[in-house]
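This is work_38.pdb. It holds PDB, C-alpha atoms.
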```
ATOM      1  CA  ALA A  17       0.462  34.897   1.059
ATOM      2  CA  GLY A  18      -3.075  35.509  -0.126
ATOM      3  CA  MET A  19      -6.097  33.227  -0.114
ATOM      4  CA  ASN A  20      -5.619  29.485  -0.253
ATOM      5  CA  ARG A  21      -8.098  26.686  -0.706
ATOM      6  CA  PHE A  22      -7.881  23.078   0.382
ATOM      7  CA  ARG A  23     -10.316  20.351  -0.597
ATOM      8  CA  TRP A  24     -10.274  17.090   1.336
ATOM      9  CA  ASP A  25     -11.451  14.058  -0.583
ATOM     10  CA  MET A  26     -12.322  12.248   2.662
ATOM     11  CA  THR A  27      -9.536   9.712   2.281
ATOM     12  CA  HIS A  28      -6.473   8.602   4.195
ATOM     13  CA  PHE A  29      -3.095   8.578   2.535
ATOM     14  CA  GLY A  30      -2.778   5.788   0.003
ATOM     15  CA  PRO A  31       0.147   3.433  -0.557
ATOM     16  CA  TRP A  32       3.693   4.499  -1.357
ATOM     17  CA  THR A  33       4.808   4.192  -4.964
ATOM     18  CA  GLN A  34       7.992   5.098  -6.835
ATOM     19  CA  ASP A  35       5.991   7.541  -8.962
ATOM     20  CA  GLU A  36       6.121  10.775  -6.966
ATOM     21  CA  ASP A  37       2.989  12.140  -8.674
ATOM     22  CA  ALA A  38       0.947   9.095  -7.571
ATOM     23  CA  ARG A  39       2.617   8.620  -4.184
ATOM     24  CA  PHE A  40       0.199   8.310  -1.249
ATOM     25  CA  ARG A  41      -2.860   8.832  -3.480
ATOM     26  CA  ARG A  42      -5.999   6.690  -3.721
ATOM     27  CA  GLY A  43      -6.203   5.964  -0.020
ATOM     28  CA  PRO A  44      -9.175   4.409   1.736
ATOM     29  CA  LEU A  45     -12.182   6.515   2.619
ATOM     30  CA  VAL A  46     -12.399   7.575   6.228
ATOM     31  CA  ARG A  47     -15.323   6.244   8.225
ATOM     32  CA  PRO A  48     -18.197   8.512   9.201
ATOM     33  CA  GLY A  49     -17.600  10.418  12.414
ATOM     34  CA  THR A  50     -16.514  13.694  13.941
ATOM     35  CA  TYR A  51     -13.426  15.367  12.505
ATOM     36  CA  ALA A  52     -11.631  18.614  13.279
ATOM     37  CA  LEU A  53     -10.376  21.196  10.834
ATOM     38  CA  ARG A  54      -7.502  23.398  11.992
ATOM     39  CA  LEU A  55      -6.363  26.482  10.096
ATOM     40  CA  THR A  56      -3.132  28.130  11.183
ATOM     41  CA  ALA A  57      -2.063  31.532   9.845
ATOM     42  CA  GLY A  58       0.923  32.973  11.634
ATOM     43  CA  ASP A  59       0.089  32.913  15.332
ATOM     44  CA  ALA A  60      -3.655  32.618  14.734
ATOM     45  CA  VAL A  61      -5.227  29.171  14.973
ATOM     46  CA  CYS A  62      -8.845  28.526  14.096
ATOM     47  CA  GLU A  63     -10.369  25.112  14.751
ATOM     48  CA  GLN A  64     -13.795  23.765  13.927
ATOM     49  CA  GLU A  65     -15.329  20.305  14.262
ATOM     50  CA  PHE A  66     -17.596  18.837  11.629
ATOM     51  CA  GLN A  67     -19.591  15.660  11.240
ATOM     52  CA  LEU A  68     -18.934  13.373   8.274
ATOM     53  CA  LEU A  69     -22.116  11.403   7.627
ATOM     54  CA  ALA A  70     -22.556   8.002   6.039
ATOM     55  CA  ASP A  71     -24.240   7.792   2.662
ATOM     56  CA  PRO A  72     -27.813   6.778   3.552
ATOM     57  CA  ARG A  73     -27.982   4.542   0.466
ATOM     58  CA  VAL A  74     -25.095   2.482   1.846
ATOM     59  CA  LEU A  75     -26.810   2.195   5.217
ATOM     60  CA  ASP A  76     -30.071   1.198   3.476
ATOM     61  CA  GLN A  77     -28.211  -1.679   1.794
ATOM     62  CA  GLY A  78     -27.389  -3.131   5.192
ATOM     63  CA  THR A  79     -23.850  -1.859   5.720
ATOM     64  CA  SER A  80     -23.416  -0.684   9.301
ATOM     65  CA  LEU A  81     -21.097   1.929  10.746
ATOM     66  CA  GLU A  82     -19.193  -0.947  12.382
ATOM     67  CA  ASP A  83     -18.736  -2.546   8.936
ATOM     68  CA  MET A  84     -17.343   0.736   7.615
ATOM     69  CA  ALA A  85     -14.943   0.996  10.568
ATOM     70  CA  ALA A  86     -13.783  -2.606  10.012
ATOM     71  CA  GLN A  87     -13.279  -1.914   6.304
ATOM     72  CA  GLU A  88     -11.288   1.248   7.015
ATOM     73  CA  TYR A  89      -9.063  -0.570   9.518
ATOM     74  CA  PHE A  90      -8.460  -3.469   7.138
ATOM     75  CA  GLN A  91      -7.729  -1.166   4.202
ATOM     76  CA  LEU A  92      -5.165   0.739   6.264
ATOM     77  CA  LEU A  93      -3.430  -2.563   7.062
ATOM     78  CA  VAL A  94      -3.347  -3.402   3.355
ATOM     79  CA  VAL A  95      -2.094   0.106   2.445
ATOM     80  CA  ASP A  96       0.813  -0.446   4.834
ATOM     81  CA  LEU A  97       1.544  -3.840   3.266
ATOM     82  CA  VAL A  98       1.372  -2.446  -0.290
ATOM     83  CA  SER A  99       3.811   0.309   0.696
ATOM     84  CA  GLU A 100       6.130  -2.131   2.461
ATOM     85  CA  VAL A 101       6.208  -4.536  -0.505
ATOM     86  CA  ARG A 102       6.861  -1.734  -2.989
ATOM     87  CA  ARG A 103       9.698  -0.286  -0.901
ATOM     88  CA  PHE A 104      11.211  -3.726  -0.453
ATOM     89  CA  GLU A 105      10.947  -4.341  -4.193
ATOM     90  CA  GLU A 106      12.747  -1.059  -4.871
ATOM     91  CA  GLN A 107      15.505  -1.953  -2.369
ATOM     92  CA  VAL A 108      16.066  -5.374  -3.950
ATOM     93  CA  GLU A 109      15.991  -3.902  -7.482
ATOM     94  CA  GLU A 110      18.602  -1.315  -6.534
ATOM     95  CA  GLU A 111      20.944  -3.965  -5.159
ATOM     96  CA  ALA A 112      20.489  -6.077  -8.291
ATOM     97  CA  GLU A 113      21.309  -3.070 -10.483
ATOM     98  CA  VAL A 114      24.455  -2.298  -8.477
ATOM     99  CA  LEU A 115      25.669  -5.891  -8.712
ATOM    100  CA  GLU A 116      24.790  -6.179 -12.408
ATOM    101  CA  GLY A 117      26.635  -2.906 -13.068
ATOM    102  CA  LYS A 118      29.936  -4.261 -11.810
ATOM    103  CA  LYS A 119      32.423  -5.417 -14.443
ATOM    104  CA  GLU A 120      33.594  -8.370 -12.400
ATOM    105  CA  LEU A 121      31.914 -10.081  -9.502
ATOM    106  CA  SER A 122      33.533 -12.075  -6.751
ATOM    107  CA  PRO A 123      32.083 -15.543  -6.085
ATOM    108  CA  GLU A 124      30.234 -14.095  -3.083
ATOM    109  CA  GLU A 125      28.801 -11.271  -5.190
ATOM    110  CA  THR A 126      27.755 -13.738  -7.890
ATOM    111  CA  ALA A 127      25.929 -15.833  -5.303
ATOM    112  CA  ARG A 128      24.334 -12.709  -3.843
ATOM    113  CA  LEU A 129      23.180 -11.559  -7.288
ATOM    114  CA  GLU A 130      21.549 -14.941  -7.922
ATOM    115  CA  ALA A 131      19.814 -14.790  -4.529
ATOM    116  CA  VAL A 132      18.592 -11.237  -5.189
ATOM    117  CA  LYS A 133      17.306 -12.208  -8.643
ATOM    118  CA  GLY A 134      15.470 -15.163  -7.103
ATOM    119  CA  ILE A 135      13.779 -12.846  -4.625
ATOM    120  CA  LEU A 136      12.839 -10.410  -7.399
ATOM    121  CA  GLU A 137      11.247 -13.258  -9.341
ATOM    122  CA  ARG A 138       8.942 -13.865  -6.374
ATOM    123  CA  ILE A 139       8.136 -10.164  -5.942
ATOM    124  CA  GLN A 140       7.721  -8.907  -9.505
ATOM    125  CA  SER A 141       5.395 -10.222 -12.164
ATOM    126  CA  ALA A 142       7.220 -11.049 -15.390
ATOM    127  CA  ASP A 143       6.973  -8.505 -18.205
ATOM    128  CA  ILE A 144       5.033 -10.754 -20.575
ATOM    129  CA  ILE A 145       1.454 -10.801 -21.907
ATOM    130  CA  TYR A 146      -0.107 -13.121 -19.307
ATOM    131  CA  PRO A 147       2.265 -13.134 -16.338
ATOM    132  CA  ARG A 148       1.711 -15.071 -13.174
ATOM    133  CA  PRO A 149       0.915 -12.392 -10.566
ATOM    134  CA  MET A 150       3.668 -12.251  -8.006
ATOM    135  CA  LEU A 151       3.736 -10.677  -4.526
ATOM    136  CA  THR A 152       3.521  -6.979  -5.476
ATOM    137  CA  SER A 153       0.650  -7.629  -7.878
ATOM    138  CA  GLN A 154      -1.159  -9.875  -5.410
ATOM    139  CA  VAL A 155      -1.004  -7.313  -2.600
ATOM    140  CA  SER A 156      -2.141  -4.529  -4.950
ATOM    141  CA  TYR A 157      -5.006  -6.711  -6.140
ATOM    142  CA  LEU A 158      -6.108  -7.353  -2.554
ATOM    143  CA  TYR A 159      -6.115  -3.603  -1.909
ATOM    144  CA  ASN A 160      -8.193  -2.955  -5.029
ATOM    145  CA  MET A 161     -10.671  -5.669  -4.085
ATOM    146  CA  VAL A 162     -11.322  -4.442  -0.550
ATOM    147  CA  SER A 163     -11.557  -0.835  -1.738
ATOM    148  CA  ARG A 164     -14.455  -1.440  -4.094
ATOM    149  CA  ALA A 165     -17.292  -2.338  -1.764
ATOM    150  CA  ASP A 166     -18.840  -0.783   1.307
ATOM    151  CA  GLN A 167     -18.697  -3.789   3.582
ATOM    152  CA  ALA A 168     -16.605  -5.358   6.283
ATOM    153  CA  PRO A 169     -13.812  -7.521   4.873
ATOM    154  CA  GLY A 170     -14.562 -11.224   4.902
ATOM    155  CA  SER A 171     -12.560 -14.009   6.452
ATOM    156  CA  GLU A 172     -10.976 -14.850   3.076
ATOM    157  CA  ALA A 173      -9.576 -11.323   2.791
ATOM    158  CA  ASN A 174      -8.099 -11.626   6.291
ATOM    159  CA  LYS A 175      -6.548 -14.998   5.437
ATOM    160  CA  ARG A 176      -5.110 -13.570   2.223
ATOM    161  CA  LEU A 177      -3.599 -10.636   4.089
ATOM    162  CA  ASP A 178      -1.978 -13.028   6.566
ATOM    163  CA  THR A 179      -0.623 -15.213   3.734
ATOM    164  CA  LEU A 180       0.832 -12.260   1.816
ATOM    165  CA  SER A 181       2.331 -10.750   4.980
ATOM    166  CA  ALA A 182       3.973 -14.092   5.790
ATOM    167  CA  GLU A 183       5.379 -14.333   2.270
ATOM    168  CA  LEU A 184       6.883 -10.855   2.559
ATOM    169  CA  ALA A 185       8.410 -11.769   5.933
ATOM    170  CA  GLU A 186       9.915 -14.920   4.395
ATOM    171  CA  LEU A 187      11.409 -12.947   1.492
ATOM    172  CA  ARG A 188      12.823 -10.323   3.856
ATOM    173  CA  THR A 189      14.457 -13.052   5.929
ATOM    174  CA  MET A 190      15.941 -14.595   2.790
ATOM    175  CA  TYR A 191      17.182 -11.188   1.627
ATOM    176  CA  GLU A 192      18.757 -10.267   4.947
ATOM    177  CA  SER A 193      20.373 -13.664   5.471
ATOM    178  CA  GLY A 194      21.702 -13.800   1.925
ATOM    179  CA  ASP A 195      20.031 -17.121   1.053
TER     180      ASP A 195
END
```
Once you've parsed the file, please lay out its structure as structure tokens.
Amino acid sequence: AGMNRFRWDMTHFGPWTQDEDARFRRGPLVRPGTYALRLTAGDAVCEQEFQLLADPRVLDQGTSLEDMAAQEYFQLLVVDLVSEVRRFEEQVEEEAEVLEGKKELSPEETARLEAVKGILERIQSADIIYPRPMLTSQVSYLYNMVSRADQAPGSEANKRLDTLSAELAELRTMYESGD
């Protein structure tokens, strides 16, 4: 009831995180184009289109609308990968906690716990001063890197995305097969 206000920050949803307050925040900027605003109040629906324009300073620096579209597309792929890695990490952590919480483990459960811990070691960076960045950190770093500049992602970013996606697929296969 009453008046309500909504302010759009011109971004997509960001990656999933365990922290509910930060979940889906810090998403990539949408590309310039035509968007529609729809307000629904009871049975009444009001819709209006608007044009989101590119920053002329960005265009003056040589970034094209096609570059912005390519960046948006790439960032959305990375957002999905960040979310997928974080959810997988949470799933593996939960299983490790359940197994570690048992008073006695069967030989199969002991082997499974060792396999799960091995997978976690490849996903999570160690909690030390200068840890080697593992999968979750590497994917998050890629997202941060491609979110900082107004330009189309380069071939190295595409290769890195492919490499990290393949590593996640390998870890999922290991997790599901119990190896």
Next item on the list: Identify the residues around (-18.5, -0.4, 0.2) within a radius of 12 Å, measuring from all atoms listed in the file in the coordinates stated by the file, and give them as a ChimeraX atom specification.
Entry: /A:44-47,70-71,73-75,77-81,83-88,91,160-169
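The coordinates place CA of Cys62 (chain A) at 14.7 Å from CA of Asn20 (chain A).
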Check: Within 9 Å of (-5.4, 11.6, -4.5), in the coordinates the file gives, what residues turn up when you count all atoms listed in the file, written out as a list in words?
Finding: Asp25, Thr27, Phe29, Gly30, Ala38, Arg39, Phe40, Arg41, Arg42 and Gly43 of chain A
Next item on the list: Please write as number ranges by chain the full residue list that the PyMOL selection byres ((chain A and resi 107-121) around 10) yields on this file.
Entry: A: 101-106, 122-133, 135-136, 139-140, 188, 191
Note to self: One decimal, in Å: what's the spacing between CA of Arg176 (chain A) and CA of Pro31 (chain A)?
What the structure shows: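 It comes out at 18.0 Å.
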Next item on the list: Provide the CA of Leu68 (chain A) to CA of Leu92 (chain A) distance in Å, to one decimal place.
Entry: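 Pair CA of Leu68 (chain A) / CA of Leu92 (chain A) returns 18.8 Å.
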Next item on the list: Find the residues around Leu180 (chain A) up to 12 Å (only C-alpha atoms counted), leave out those fewer than 6 positions away in its own chain, and share them as a list in words.
Entry: Leu93, Val94, Leu97, Val98, Glu100, Val101, Arg138, Ile139, Met150, Leu151, Thr152, Ser153, Gln154, Val155, Ser156, Tyr157, Leu158, Tyr159, Ala173, Asn174, Glu186 and Leu187 of chain A
Work out where the centre of an axis-aligned box around every listed atom of region 169-173 of chain A lies and how long its edges are once 5 Å is added on each side; give both in Å to one decimal as JSON.
```
{"center_x": -12.1, "center_y": -11.2, "center_z": 4.6, "size_x": 15.0, "size_y": 17.3, "size_z": 13.7}
```
Notebook entry, point to check: Excluding same-chain residues fewer than 5 positions from region 49-53 of chain A, what lies within 8 Å of it counting all atoms listed in the file, as a list in words?
Noted result: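 The filter keeps Glu63, Gln64, Glu65, Phe66, Gln67, Leu68 and Leu69 of chain A.
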Can we get region 127-146 of chain A of that structure written down with C-alpha atoms, as a tab-separated table (two decimals), in the first residue's frame?
```tsv
chain	number	residue	atom	x	y	z
A	127	ALA	CA	37.19	-43.34	1.11
A	128	ARG	CA	34.37	-40.97	0.16
A	129	LEU	CA	35.50	-38.42	2.75
A	130	GLU	CA	39.04	-38.51	1.37
A	131	ALA	CA	37.71	-38.04	-2.18
A	132	VAL	CA	35.50	-35.13	-1.09
A	133	LYS	CA	38.40	-33.49	0.76
A	134	GLY	CA	40.57	-33.86	-2.35
A	135	ILE	CA	37.92	-32.12	-4.43
A	136	LEU	CA	37.60	-29.33	-1.85
A	137	GLU	CA	41.36	-28.79	-1.99
A	138	ARG	CA	41.02	-28.09	-5.71
A	139	ILE	CA	38.02	-25.79	-5.25
A	140	GLN	CA	38.91	-23.75	-2.17
A	141	SER	CA	41.99	-21.66	-1.59
A	142	ALA	CA	43.76	-22.57	1.65
A	143	ASP	CA	43.18	-20.29	4.63
A	144	ILE	CA	46.76	-19.05	4.86
A	145	ILE	CA	48.50	-15.72	4.17
A	146	TYR	CA	49.53	-16.34	0.55
```
